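Q: Next up is a structure, given as structure tokens.
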Amino acid sequence: MQAYEAGERDFGESRVQELCAKYEALPKDIRWHFIGHLQTNKVRQIMPFVHLIQSVDSMRLLNVIEAEAARINRTVNVLLEVHVAHEETKSGFMPEELPEALALLPELKHVHVCGLMTMATNTDNMTEIHRCFRMAANIADKLPSGSREILSMGMSDDYLTAIEDGSNMVRIGSSIFGERVY
């Protein structure tokens with residue numbers, strides 16, 4: 001509430017249950033962003049109110065979002081998560097898969113792709129972090145004009161590097177709210 005009272009209206013959450021609980025408890029003019037890995041069986045829970053899903057990592061998930069958005073007759077904003085990190089644990093479209101995914105977008109009437117999201121390799125090697133972010137920025141530059149409004153990259157530990165490399169949206173919850181206690 002302190003961040004809200006200070007004027008912030010965009011908030012992200014990486015867990016569906018927590019997002020739903022916060023949506024119920026907090027003011028309704030908040031623009032909720034889902035930023036974590038989204039399972040297809042959880043899409044229905046957030047679809048009525050989510051402003052932006054930042055982590056669409058597969059065509060299967062994109063199709064489920066389209067079907068659920070069509071069911072409730074709304075259009076939802078999404079970012080395609082692109083996998084540029086040198087880590088198996090990261091998810092997302094491989095860069096070579098994006099053209100095929102983008103070719104199918106005209107068929108999706110209830111999804112608006114606003115851009116890309118990525119996460120850098122988890123390392124202290126700044127050269128590698130820059131490589132990840134620059135690769136994502138280069139891919140974003142090649143997107144169709146209506147699909148490159150947002151480049152979400154950078155978190156609390158690397159957001160300055162991400163901004164330097166072209167990010168126009170960062171995810172810095174830990175810097176604002178502190179480390180999560182699970």
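Chain identifiers are assigned as A, B, and so on, following the order in which chains appear in the structure tokens; residues are numbered from 1 within each chain, and ligands are numbered from 1 in order of appearance.
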Would you write out, as CSV, a table of all residues in stretch 61-166 of chain A that have an atom no more than 8 Å from an atom of stretch 31-47 of chain A, listing for each the closest atom pair and the distance in Å to one decimal, considering only C-alpha atoms and ordering rows by chain and rising residue number?
A:
```
residue,atom,partner,partner_atom,distance
A:Leu61,CA,A:Thr40,CA,5.8
A:Val64,CA,A:Thr40,CA,6.4
A:Ile65,CA,A:Val43,CA,6.5
A:Glu68,CA,A:Arg44,CA,6.3
A:Ala69,CA,A:Met47,CA,6.7
A:Val76,CA,A:Met47,CA,7.7
```
Q: Give me, as a ChimeraX atom specification, the residues of chain A that a backbone DSSP run labels helix (DSSP H, G or I).
A: /A:2-5,16-25,40-46,59-71,95-103,105-107,126-141,145-147,159-164,173-177
Q: Name the closest residue to A:His112 among the candidates A:Ser156, A:Asn77, A:Ser145, A:Asn138; distances are taken between atoms, counting only C-alpha atoms.
A: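 Of the candidates, the smallest distance to A:His112 is held by A:Asn77.
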Q: Per residue of stretch 70-141 of chain A within 8 Å of stretch 51-60 of chain A, which atom pair is closest and at what distance in Å (one decimal), using only C-alpha atoms, listed by chain and increasing number, as CSV?
A:
```
residue,atom,partner,partner_atom,distance
A:Val76,CA,A:His51,CA,6.7
A:Asn77,CA,A:Leu52,CA,4.8
A:Val78,CA,A:Ile53,CA,4.7
A:Leu79,CA,A:Gln54,CA,4.6
A:Leu80,CA,A:Val56,CA,4.9
A:Glu81,CA,A:Asp57,CA,5.1
A:Val82,CA,A:Asp57,CA,7.2
A:Ser91,CA,A:Asp57,CA,6.3
A:Gly92,CA,A:Asp57,CA,4.0
A:Phe93,CA,A:Asp57,CA,5.6
A:Ala101,CA,A:Met59,CA,6.7
A:Leu116,CA,A:Gln54,CA,7.8
A:Met117,CA,A:Gln54,CA,6.3
```
Q: What would the file look like if the residues just selected were written as a CSV table (one decimal), in the first residue's frame with N, CA and C atoms?
A:
```csv
chain,number,residue,atom,x,y,z
A,76,VAL,N,-6.1,-9.6,-24.0
A,76,VAL,CA,-5.1,-9.6,-23.0
A,76,VAL,C,-3.8,-9.2,-23.6
A,77,ASN,N,-3.0,-8.4,-22.9
A,77,ASN,CA,-1.6,-8.1,-23.4
A,77,ASN,C,-0.7,-9.1,-22.9
A,78,VAL,N,0.3,-9.5,-23.7
A,78,VAL,CA,1.3,-10.4,-23.4
A,78,VAL,C,2.7,-10.0,-23.9
A,79,LEU,N,3.7,-10.5,-23.3
A,79,LEU,CA,5.0,-10.5,-23.8
A,79,LEU,C,5.5,-11.9,-24.0
A,80,LEU,N,6.2,-12.1,-25.1
A,80,LEU,CA,6.8,-13.4,-25.4
A,80,LEU,C,8.1,-13.5,-24.7
A,81,GLU,N,8.3,-14.5,-23.9
A,81,GLU,CA,9.5,-14.7,-23.2
A,81,GLU,C,10.5,-15.4,-24.2
A,82,VAL,N,11.6,-14.7,-24.4
A,82,VAL,CA,12.6,-15.2,-25.3
A,82,VAL,C,13.8,-15.8,-24.4
A,91,SER,N,13.3,-20.5,-19.2
A,91,SER,CA,12.3,-21.0,-20.2
A,91,SER,C,12.1,-19.9,-21.2
A,92,GLY,N,11.3,-20.2,-22.2
A,92,GLY,CA,11.0,-19.2,-23.2
A,92,GLY,C,11.2,-19.7,-24.6
A,93,PHE,N,10.7,-18.9,-25.6
A,93,PHE,CA,10.9,-19.3,-27.0
A,93,PHE,C,12.4,-19.1,-27.3
A,101,ALA,N,6.2,-18.4,-34.3
A,101,ALA,CA,5.2,-17.9,-33.4
A,101,ALA,C,4.5,-16.6,-33.9
A,116,LEU,N,8.7,-8.3,-25.9
A,116,LEU,CA,9.4,-9.4,-25.4
A,116,LEU,C,9.8,-9.2,-23.9
A,117,MET,N,10.1,-10.3,-23.3
A,117,MET,CA,10.6,-10.4,-21.9
A,117,MET,C,11.8,-11.4,-22.0
```
Q: Have a look at A:Met119, A:Leu62, A:Met153, A:Val50 and name the one nearest to A:Gly166; count only C-alpha atoms.
A: A:Met153
